[in-house]
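Enquirer: Dropping the structure in here first, questions after.
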Amino acid sequence: MNDNFPTLGELVKFAFDAAGVLPRKRGENDGLNDTDKKRIQKQLQRLTDEEGSLTDRCGELIRNLGFLTAGAIPNAKVNLAFGEGVMDLFEVYNAVIRDEGTYLNKKDSILWFCRAHAIPRLAISIQKHALRFNLASEGFAIPPDPNWYLPTVNGDEIILPIKKAMSWVYEACGVSRTHFHYPGKSANTDDAELQQNLENASDWFKGERLPSWPGLSWNFARSFEHLESHSDRAYQRHFPEKLRESIFQVLFLARLATYICNLIKEAYGTVILEQLITQFTQHRDWLSVDLDSFTEETTSYIEGYSVPPIAIDTVWMEFSEQYWTWFRDRYADLANTLDYLLHENDYNPLPADTVAELIQRYGEYSVRTALDRLEINREFSIPSGFPQRLGEGFELKKNSECSDEDIDQYLQALRQDGLASHLNWMERWLRAVVRYRNGDYESAFYHMEYAFEQAKYRAGGSQYLLVNQFIELAAKTDRWKSFKKGVEWALYIGVSIRWLRAQEPTEEALQFVFAMMQKATYAQL
């Protein structure tokens, strides 16, 4: 499968890898025993194999990830805000899988998803949840650079977030890197552990390698211990608990951001990395303008009504819910207006005065991001002939006289247009339909299974009927495991299953559906 989005299993594994919370080396402590680690690895493998309930299995793994990040981010409000942001990205991904098809290879599909969906969502989520949970009230210290969690690209030089965060830690603690990790180091000292800690930290600082979170946090925790207990007052330091908590949160987020940005650079190069950073900062800054008035109004309400401290967080949460509901509705209204204006303008870029009027009515963020997405979609242009060939495939499927010869001609047309790999799921679905109508269910399932697997992460909304037919053929050929796999995928993408409909997918209900689908046939496929 070449033209597709990443699978759900790949995405969840990426989340674990990016967070770095599963230790890579013996002795790194993260609060898990060997049984816990093996259980999580098995869950990841089962999700990759798409066994069992995808929604439940994914949810369980995300809860495990939340448990592990709670150790890295012990502050409850910050941890909740982080978790909500992660869930926002998963929900966007799930919506894309359900509704959007792709005609791009996996590498370009990921880049399109990042630019069209992930970055805009992330720019919102960070600011949205910081306000919802009133994180400003926690009094955390953070680096003064507003872009501390983003790489800075200067030609061929890239200053990574982990370097920015570590530099800030040393400055905030008033200690050089050498004496932070090896207090009192001199020609007369010899401490193997401290020397190793310093060398590791130097490698991370220089970007030569990236630690796991347990390795990074252990190094800095040991450094705090040695500085606080050092016998020489010249090196002895005492750190407020809030500063220590702030430091570990900054290090965790900087490490996560560094991991992701390194992957982007390796896959797409520095130019694309810089483009994504610019897009994120633009979206963030556009939104900040919108949020300034909301923040001012909420703060004025709290001060004007002398809201007691115990109720302030509740006010921020309730006001945020109202604001983001209004924000969502306003964006939906903008989308309808844009559809009309673009249609009237033959889908050419809108005149500057029209854009200015839209900004006046809907705000700069909503208008700029909507237009930005249109430009991004134009960059990832649809292959010539793709919509036509897709439509022809659905017309052939409706034709009760469709034969293998007709499908051969269709396949030849796909090859001539360079679309055979893009629509291979359609070609095999058609062959399954022909055999289904002839009552050759075994052969139909052979083609249908291929079509089902190929369509899952690329066909979007076009796979709805396909999934139901795969489930039915699995039942007709007495393949219970394949039947369950089809049902789980249908439930994940929100496809209504014949004979089940709105019922709970209990084992008894599924047995009934399985039995009915073994007998029933359908004229419309």
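Labels for the structure tokens follow display order: chains A, B, ..., residues from 1 in each chain, ligands from 1.
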Could you name the residues that touch A:Met516 at 8 Å or less, counting only C-alpha atoms, but leaving out those on the same chain fewer than 4 positions away, as a list in words?
Expert: Trp499, Phe512 and Ala520 of chain A
Enquirer: Would you pick out the contacts of A:Gly461 at 7 Å or less, using only C-alpha atoms, so that residues sharing its chain but fewer than 6 positions from it are not included, and give the list as an mmCIF file with N, CA, C and O atoms, in the first residue's frame?
Expert:
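The result, stored in selection05.cif:
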data_model
loop_
_atom_site.group_PDB
_atom_site.id
_atom_site.type_symbol
_atom_site.label_atom_id
_atom_site.label_comp_id
_atom_site.auth_asym_id
_atom_site.auth_seq_id
_atom_site.Cartn_x
_atom_site.Cartn_y
_atom_site.Cartn_z
ATOM 1 N N ARG A 98 -11.842 9.059 8.183
ATOM 2 C CA ARG A 98 -13.254 8.770 7.886
ATOM 3 C C ARG A 98 -13.738 9.468 6.625
ATOM 4 O O ARG A 98 -14.496 8.887 5.844
ATOM 5 N N ASP A 99 -13.311 10.716 6.442
ATOM 6 C CA ASP A 99 -13.960 11.558 5.440
ATOM 7 C C ASP A 99 -13.099 11.915 4.239
ATOM 8 O O ASP A 99 -13.637 12.218 3.169
ATOM 9 N N GLU A 100 -11.789 11.949 4.406
ATOM 10 C CA GLU A 100 -10.914 12.419 3.335
ATOM 11 C C GLU A 100 -10.238 11.240 2.641
ATOM 12 O O GLU A 100 -9.714 10.352 3.293
#
Enquirer: What does the structure give for the distance between atom CA of A:Gly418 and atom CA of A:Pro383, in Å to one decimal?
Expert: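 Answer for the atom CA of A:Gly418 to atom CA of A:Pro383 separation: 8.6 Å.
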Enquirer: Can you check which residues of stretch 224-276 of chain A DSSP gives as alpha helix (DSSP H) on the backbone and send them as an mmCIF file with N, CA and C atoms, in the first residue's frame?
Expert:
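Saved the output as part-v4.cif:
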data_model
loop_
_atom_site.group_PDB
_atom_site.id
_atom_site.type_symbol
_atom_site.label_atom_id
_atom_site.label_comp_id
_atom_site.auth_asym_id
_atom_site.auth_seq_id
_atom_site.Cartn_x
_atom_site.Cartn_y
_atom_site.Cartn_z
ATOM 1 N N PHE A 224 20.407 18.032 40.278
ATOM 2 C CA PHE A 224 19.821 18.819 41.367
ATOM 3 C C PHE A 224 20.270 18.274 42.725
ATOM 4 N N GLU A 225 20.258 16.947 42.859
ATOM 5 C CA GLU A 225 20.650 16.338 44.131
ATOM 6 C C GLU A 225 22.089 16.688 44.491
ATOM 7 N N HIS A 226 22.976 16.560 43.512
ATOM 8 C CA HIS A 226 24.391 16.821 43.785
ATOM 9 C C HIS A 226 24.651 18.291 44.076
ATOM 10 N N LEU A 227 23.942 19.188 43.375
ATOM 11 C CA LEU A 227 24.129 20.613 43.629
ATOM 12 C C LEU A 227 23.623 20.996 45.026
ATOM 13 N N GLU A 228 22.516 20.429 45.443
ATOM 14 C CA GLU A 228 21.943 20.790 46.737
ATOM 15 C C GLU A 228 22.736 20.220 47.905
ATOM 16 N N SER A 229 23.412 19.099 47.649
ATOM 17 C CA SER A 229 24.151 18.452 48.744
ATOM 18 C C SER A 229 25.661 18.710 48.678
ATOM 19 N N GLU A 241 10.814 24.614 44.672
ATOM 20 C CA GLU A 241 10.107 23.479 44.078
ATOM 21 C C GLU A 241 9.402 23.868 42.778
ATOM 22 N N LYS A 242 8.855 25.089 42.732
ATOM 23 C CA LYS A 242 8.156 25.527 41.518
ATOM 24 C C LYS A 242 9.131 25.634 40.340
ATOM 25 N N LEU A 243 10.358 26.082 40.597
ATOM 26 C CA LEU A 243 11.352 26.166 39.531
ATOM 27 C C LEU A 243 11.725 24.771 39.039
ATOM 28 N N ARG A 244 11.926 23.841 39.953
ATOM 29 C CA ARG A 244 12.252 22.457 39.556
ATOM 30 C C ARG A 244 11.124 21.864 38.706
ATOM 31 N N GLU A 245 9.893 22.065 39.153
ATOM 32 C CA GLU A 245 8.744 21.543 38.404
ATOM 33 C C GLU A 245 8.694 22.175 37.015
ATOM 34 N N SER A 246 8.935 23.471 36.955
ATOM 35 C CA SER A 246 8.930 24.177 35.673
ATOM 36 C C SER A 246 9.995 23.624 34.743
ATOM 37 N N ILE A 247 11.173 23.388 35.292
ATOM 38 C CA ILE A 247 12.291 22.904 34.485
ATOM 39 C C ILE A 247 11.970 21.555 33.859
ATOM 40 N N PHE A 248 11.425 20.640 34.641
ATOM 41 C CA PHE A 248 11.132 19.310 34.092
ATOM 42 C C PHE A 248 10.023 19.375 33.035
ATOM 43 N N GLN A 249 9.050 20.248 33.219
ATOM 44 C CA GLN A 249 8.011 20.398 32.196
ATOM 45 C C GLN A 249 8.577 20.968 30.908
ATOM 46 N N VAL A 250 9.422 21.968 31.026
ATOM 47 C CA VAL A 250 10.041 22.568 29.843
ATOM 48 C C VAL A 250 10.925 21.541 29.128
ATOM 49 N N LEU A 251 11.689 20.778 29.885
ATOM 50 C CA LEU A 251 12.561 19.772 29.282
ATOM 51 C C LEU A 251 11.744 18.697 28.559
ATOM 52 N N PHE A 252 10.646 18.278 29.168
ATOM 53 C CA PHE A 252 9.804 17.247 28.542
ATOM 54 C C PHE A 252 9.254 17.729 27.208
ATOM 55 N N LEU A 253 8.683 18.936 27.202
ATOM 56 C CA LEU A 253 8.089 19.466 25.976
ATOM 57 C C LEU A 253 9.158 19.758 24.926
ATOM 58 N N ALA A 254 10.324 20.235 25.374
ATOM 59 C CA ALA A 254 11.406 20.523 24.427
ATOM 60 C C ALA A 254 11.940 19.246 23.799
ATOM 61 N N ARG A 255 12.036 18.194 24.599
ATOM 62 C CA ARG A 255 12.492 16.920 24.054
ATOM 63 C C ARG A 255 11.504 16.362 23.032
ATOM 64 N N LEU A 256 10.213 16.436 23.367
ATOM 65 C CA LEU A 256 9.167 15.970 22.456
ATOM 66 C C LEU A 256 9.219 16.754 21.139
ATOM 67 N N ALA A 257 9.312 18.089 21.226
ATOM 68 C CA ALA A 257 9.353 18.920 20.024
ATOM 69 C C ALA A 257 10.598 18.627 19.198
ATOM 70 N N THR A 258 11.719 18.383 19.873
ATOM 71 C CA THR A 258 12.966 18.071 19.164
ATOM 72 C C THR A 258 12.851 16.759 18.405
ATOM 73 N N TYR A 259 12.233 15.769 19.032
ATOM 74 C CA TYR A 259 12.044 14.470 18.376
ATOM 75 C C TYR A 259 11.238 14.634 17.089
ATOM 76 N N ILE A 260 10.128 15.357 17.180
ATOM 77 C CA ILE A 260 9.256 15.531 16.012
ATOM 78 C C ILE A 260 9.971 16.314 14.915
ATOM 79 N N CYS A 261 10.649 17.400 15.301
ATOM 80 C CA CYS A 261 11.318 18.238 14.302
ATOM 81 C C CYS A 261 12.482 17.511 13.642
ATOM 82 N N ASN A 262 13.165 16.670 14.394
ATOM 83 C CA ASN A 262 14.235 15.854 13.785
ATOM 84 C C ASN A 262 13.670 14.917 12.725
ATOM 85 N N LEU A 263 12.521 14.309 13.019
ATOM 86 C CA LEU A 263 11.888 13.416 12.042
ATOM 87 C C LEU A 263 11.501 14.184 10.779
ATOM 88 N N ILE A 264 10.939 15.376 10.963
ATOM 89 C CA ILE A 264 10.539 16.188 9.811
ATOM 90 C C ILE A 264 11.758 16.543 8.961
ATOM 91 N N LYS A 265 12.830 16.953 9.618
ATOM 92 C CA LYS A 265 14.039 17.329 8.892
ATOM 93 C C LYS A 265 14.612 16.137 8.114
ATOM 94 N N GLU A 266 14.629 14.975 8.755
ATOM 95 C CA GLU A 266 15.165 13.779 8.085
ATOM 96 C C GLU A 266 14.310 13.384 6.888
ATOM 97 N N ALA A 267 12.996 13.525 7.015
ATOM 98 C CA ALA A 267 12.089 13.073 5.954
ATOM 99 C C ALA A 267 11.937 14.091 4.828
ATOM 100 N N TYR A 268 11.930 15.396 5.188
ATOM 101 C CA TYR A 268 11.561 16.413 4.200
ATOM 102 C C TYR A 268 12.616 17.485 3.975
ATOM 103 N N THR A 270 15.406 20.676 5.545
ATOM 104 C CA THR A 270 15.346 21.894 6.357
ATOM 105 C C THR A 270 14.342 22.904 5.820
ATOM 106 N N VAL A 271 14.211 22.994 4.498
ATOM 107 C CA VAL A 271 13.305 23.989 3.908
ATOM 108 C C VAL A 271 11.866 23.732 4.343
ATOM 109 N N ILE A 272 11.439 22.474 4.294
ATOM 110 C CA ILE A 272 10.073 22.131 4.709
ATOM 111 C C ILE A 272 9.904 22.342 6.210
ATOM 112 N N LEU A 273 10.916 21.987 6.990
ATOM 113 C CA LEU A 273 10.841 22.205 8.434
ATOM 114 C C LEU A 273 10.615 23.685 8.729
ATOM 115 N N GLU A 274 11.374 24.546 8.058
ATOM 116 C CA GLU A 274 11.231 25.980 8.270
ATOM 117 C C GLU A 274 9.851 26.463 7.814
ATOM 118 N N GLN A 275 9.353 25.886 6.727
ATOM 119 C CA GLN A 275 8.015 26.258 6.244
ATOM 120 C C GLN A 275 6.948 25.912 7.280
ATOM 121 N N LEU A 276 7.063 24.744 7.890
ATOM 122 C CA LEU A 276 6.091 24.319 8.897
ATOM 123 C C LEU A 276 6.178 25.192 10.147
#
Enquirer: Check the smallest atom-to-atom distance from each of A:Ala413, A:Val86, A:Leu291, A:Ala515 to A:Trp324 using only C-alpha atoms, then report the winner.
Expert: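 Of the candidates, the smallest distance to A:Trp324 is held by A:Leu291.
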Enquirer: When you look at A:Asp145 with a cut-off of 10 Å (counting only C-alpha atoms), what residues show up, excluding the ones that are within fewer than 3 positions of it in the same chain? I need them as a PyMOL selection string.
Expert: chain A and resi 142+148-150+164-165+168
Enquirer: Skipping near chain neighbours, those fewer than 3 positions away, what residues fall within 9 Å of A:Val96 using only C-alpha atoms, listed as an MDAnalysis selection string?
Expert: chainID A and resid 91:93 99:101 113 117 460
Enquirer: Produce a file of the selected residues containing N, CA and C atoms, as a compact mmCIF listing (two decimals), in the first residue's frame.
Expert:
# COMPACT_ATOMS: atom_id res chain seq x y z
N GLU A 91 -8.31 13.26 17.17
CA GLU A 91 -9.66 13.44 16.62
C GLU A 91 -9.61 14.00 15.20
N VAL A 92 -8.68 14.92 14.95
CA VAL A 92 -8.52 15.45 13.60
C VAL A 92 -8.09 14.34 12.65
N TYR A 93 -7.13 13.53 13.09
CA TYR A 93 -6.67 12.41 12.27
C TYR A 93 -7.82 11.45 11.97
N ASP A 99 -13.31 10.72 6.44
CA ASP A 99 -13.96 11.56 5.44
C ASP A 99 -13.10 11.91 4.24
N GLU A 100 -11.79 11.95 4.41
CA GLU A 100 -10.91 12.42 3.34
C GLU A 100 -10.24 11.24 2.64
N GLY A 101 -10.23 11.26 1.35
CA GLY A 101 -9.44 10.27 0.61
C GLY A 101 -8.06 10.86 0.31
N PHE A 113 -1.31 16.29 5.59
CA PHE A 113 -2.05 16.25 6.85
C PHE A 113 -1.47 17.25 7.85
N HIS A 117 -4.04 20.16 8.45
CA HIS A 117 -4.83 19.83 9.63
C HIS A 117 -4.06 19.90 10.95
N GLY A 460 -11.33 7.22 2.33
CA GLY A 460 -12.20 8.14 3.05
C GLY A 460 -13.65 7.71 3.02
Enquirer: Can you check which residues of stretch 95-254 of chain A DSSP gives as strand (DSSP E or B) on the backbone and send them as a PyMOL selection string?
Expert: chain A and resi 152-154+157-159
Enquirer: Find the residue from A:Leu371, A:Ala130, A:Ala187, A:Ile277 that sits nearest to A:Thr295; use only C-alpha atoms when measuring.
Expert: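 Among the listed residues, the smallest separation from A:Thr295 belongs to A:Ala130.
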Enquirer: Nearest to A:Ser288: which of A:Lys397, A:Arg361, A:Lys128, A:Lys185 is it, counting only C-alpha atoms?
Expert: A:Lys128
Enquirer: For a quick check of understanding, using only C-alpha atoms, which of A:Asp313, A:Glu157, A:Glu51, A:Glu449 has the smallest distance to A:Lys206?
Expert: A:Glu157
Enquirer: Mind pulling up the distance from atom CA of A:Trp286 to atom CA of A:Leu342?
Expert: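 The value is 22.6 Å.
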Enquirer: What separation in Å, quoted to one decimal, exists between atom CA of A:Ala455 and atom CA of A:Trp489?
Expert: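 About the pair atom CA of A:Ala455 and atom CA of A:Trp489: they are 11.4 Å apart.
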Enquirer: Could you pull the residues within 10 Å of A:Glu10, counting only C-alpha atoms, minus those fewer than 5 positions along the same chain, as a ChimeraX atom specification?
Expert: /A:5,15,44-45,47-48
Enquirer: For the residues in that selection, give me C-alpha atoms as a CSV table (one decimal), in the first residue's frame.
Expert:
chain,number,residue,atom,x,y,z
A,5,PHE,CA,-2.4,7.8,5.4
A,15,ALA,CA,3.0,9.2,20.0
A,44,LEU,CA,0.7,-1.6,20.4
A,45,GLN,CA,1.3,-4.7,18.3
A,47,LEU,CA,-3.4,-2.2,17.4
A,48,THR,CA,-1.0,-2.4,14.6
Enquirer: Set the distance at 12 Å and use only C-alpha atoms: which residues neighbour A:Arg378 once local chain neighbours fewer than 4 positions away are removed? I'd like the list as number ranges by chain.
Expert: A: 112, 116, 347-349, 371-374, 382-383
Enquirer: Export, as an mmCIF file, in the first residue's frame, the selected residues with all heavy atoms.
Expert:
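Final output, saved to result.cif:
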data_model
loop_
_atom_site.group_PDB
_atom_site.id
_atom_site.type_symbol
_atom_site.label_atom_id
_atom_site.label_comp_id
_atom_site.auth_asym_id
_atom_site.auth_seq_id
_atom_site.Cartn_x
_atom_site.Cartn_y
_atom_site.Cartn_z
ATOM 1 N N TRP A 112 0.830 16.662 3.781
ATOM 2 C CA TRP A 112 -0.448 17.352 3.572
ATOM 3 C C TRP A 112 -1.243 17.407 4.871
ATOM 4 O O TRP A 112 -1.803 18.455 5.237
ATOM 5 C CB TRP A 112 -1.273 16.658 2.489
ATOM 6 C CG TRP A 112 -2.663 17.214 2.393
ATOM 7 C CD1 TRP A 112 -3.066 18.343 1.734
ATOM 8 C CD2 TRP A 112 -3.849 16.688 3.022
ATOM 9 N NE1 TRP A 112 -4.411 18.548 1.903
ATOM 10 C CE2 TRP A 112 -4.916 17.556 2.684
ATOM 11 C CE3 TRP A 112 -4.099 15.577 3.819
ATOM 12 C CZ2 TRP A 112 -6.222 17.333 3.126
ATOM 13 C CZ3 TRP A 112 -5.395 15.359 4.271
ATOM 14 C CH2 TRP A 112 -6.437 16.224 3.920
ATOM 15 N N ALA A 116 -2.325 20.894 6.372
ATOM 16 C CA ALA A 116 -3.752 21.222 6.257
ATOM 17 C C ALA A 116 -4.518 21.033 7.555
ATOM 18 O O ALA A 116 -5.555 21.678 7.768
ATOM 19 C CB ALA A 116 -4.393 20.378 5.149
ATOM 20 N N TYR A 347 -13.594 29.902 -8.348
ATOM 21 C CA TYR A 347 -12.573 29.283 -7.500
ATOM 22 C C TYR A 347 -11.183 29.867 -7.699
ATOM 23 O O TYR A 347 -10.171 29.226 -7.432
ATOM 24 C CB TYR A 347 -12.571 27.758 -7.694
ATOM 25 C CG TYR A 347 -13.867 27.149 -7.205
ATOM 26 C CD1 TYR A 347 -14.929 26.931 -8.087
ATOM 27 C CD2 TYR A 347 -14.054 26.867 -5.861
ATOM 28 C CE1 TYR A 347 -16.150 26.416 -7.623
ATOM 29 C CE2 TYR A 347 -15.263 26.347 -5.395
ATOM 30 C CZ TYR A 347 -16.298 26.124 -6.293
ATOM 31 O OH TYR A 347 -17.494 25.627 -5.826
ATOM 32 N N ASN A 348 -11.130 31.100 -8.165
ATOM 33 C CA ASN A 348 -9.877 31.838 -8.221
ATOM 34 C C ASN A 348 -9.653 32.522 -6.870
ATOM 35 O O ASN A 348 -10.594 32.708 -6.095
ATOM 36 C CB ASN A 348 -9.926 32.888 -9.337
ATOM 37 C CG ASN A 348 -9.970 32.242 -10.712
ATOM 38 O OD1 ASN A 348 -9.194 31.331 -10.999
ATOM 39 N ND2 ASN A 348 -10.880 32.709 -11.563
ATOM 40 N N PRO A 349 -8.406 32.931 -6.568
ATOM 41 C CA PRO A 349 -8.150 33.656 -5.316
ATOM 42 C C PRO A 349 -9.049 34.888 -5.201
ATOM 43 O O PRO A 349 -9.284 35.597 -6.182
ATOM 44 C CB PRO A 349 -6.674 34.047 -5.424
ATOM 45 C CG PRO A 349 -6.087 32.987 -6.310
ATOM 46 C CD PRO A 349 -7.148 32.645 -7.307
ATOM 47 N N LEU A 371 -8.180 30.450 4.118
ATOM 48 C CA LEU A 371 -7.555 30.705 2.818
ATOM 49 C C LEU A 371 -6.222 29.967 2.699
ATOM 50 O O LEU A 371 -5.860 29.490 1.617
ATOM 51 C CB LEU A 371 -7.348 32.209 2.624
ATOM 52 C CG LEU A 371 -8.625 33.058 2.539
ATOM 53 C CD1 LEU A 371 -8.280 34.543 2.430
ATOM 54 C CD2 LEU A 371 -9.487 32.621 1.356
ATOM 55 N N ASP A 372 -5.523 29.862 3.811
ATOM 56 C CA ASP A 372 -4.254 29.135 3.828
ATOM 57 C C ASP A 372 -4.479 27.671 3.460
ATOM 58 O O ASP A 372 -3.715 27.081 2.685
ATOM 59 C CB ASP A 372 -3.631 29.257 5.223
ATOM 60 C CG ASP A 372 -2.186 28.768 5.266
ATOM 61 O OD1 ASP A 372 -1.455 28.991 4.281
ATOM 62 O OD2 ASP A 372 -1.786 28.178 6.281
ATOM 63 N N ARG A 373 -5.540 27.082 3.989
ATOM 64 C CA ARG A 373 -5.826 25.670 3.686
ATOM 65 C C ARG A 373 -6.160 25.489 2.208
ATOM 66 O O ARG A 373 -5.768 24.495 1.592
ATOM 67 C CB ARG A 373 -6.975 25.162 4.551
ATOM 68 C CG ARG A 373 -7.325 23.704 4.273
ATOM 69 C CD ARG A 373 -8.323 23.159 5.268
ATOM 70 N NE ARG A 373 -7.773 23.124 6.609
ATOM 71 C CZ ARG A 373 -8.437 22.671 7.671
ATOM 72 N NH1 ARG A 373 -9.684 22.238 7.542
ATOM 73 N NH2 ARG A 373 -7.876 22.656 8.863
ATOM 74 N N LEU A 374 -6.878 26.438 1.631
ATOM 75 C CA LEU A 374 -7.185 26.360 0.198
ATOM 76 C C LEU A 374 -5.905 26.365 -0.630
ATOM 77 O O LEU A 374 -5.778 25.600 -1.596
ATOM 78 C CB LEU A 374 -8.082 27.526 -0.210
ATOM 79 C CG LEU A 374 -9.523 27.511 0.316
ATOM 80 C CD1 LEU A 374 -10.221 28.811 -0.039
ATOM 81 C CD2 LEU A 374 -10.287 26.321 -0.249
ATOM 82 N N ILE A 382 -4.672 17.368 -7.314
ATOM 83 C CA ILE A 382 -5.220 16.051 -7.597
ATOM 84 C C ILE A 382 -4.736 15.583 -8.968
ATOM 85 O O ILE A 382 -4.656 16.378 -9.913
ATOM 86 C CB ILE A 382 -6.764 16.109 -7.540
ATOM 87 C CG1 ILE A 382 -7.360 14.705 -7.535
ATOM 88 C CG2 ILE A 382 -7.341 16.941 -8.671
ATOM 89 C CD1 ILE A 382 -8.822 14.700 -7.144
ATOM 90 N N PRO A 383 -4.352 14.313 -9.113
ATOM 91 C CA PRO A 383 -3.874 13.827 -10.410
ATOM 92 C C PRO A 383 -4.929 14.003 -11.503
ATOM 93 O O PRO A 383 -6.126 13.856 -11.258
ATOM 94 C CB PRO A 383 -3.595 12.342 -10.152
ATOM 95 C CG PRO A 383 -3.393 12.230 -8.681
ATOM 96 C CD PRO A 383 -4.289 13.269 -8.077
#
Enquirer: Can you work out which one of A:Pro240, A:Gly66, A:Gly207, A:Pro309 has the shortest atom-to-atom distance to A:Ile159, counting only C-alpha atoms?
Expert: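 Checking each candidate against A:Ile159, we get A:Gly207 as the closest.
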Enquirer: Using only C-alpha atoms for the distances, tell me which of A:Arg222, A:Lys77, A:Arg415, A:Arg209 is nearest to A:Leu194.
Expert: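 Result for the nearest residue to A:Leu194: A:Arg222.
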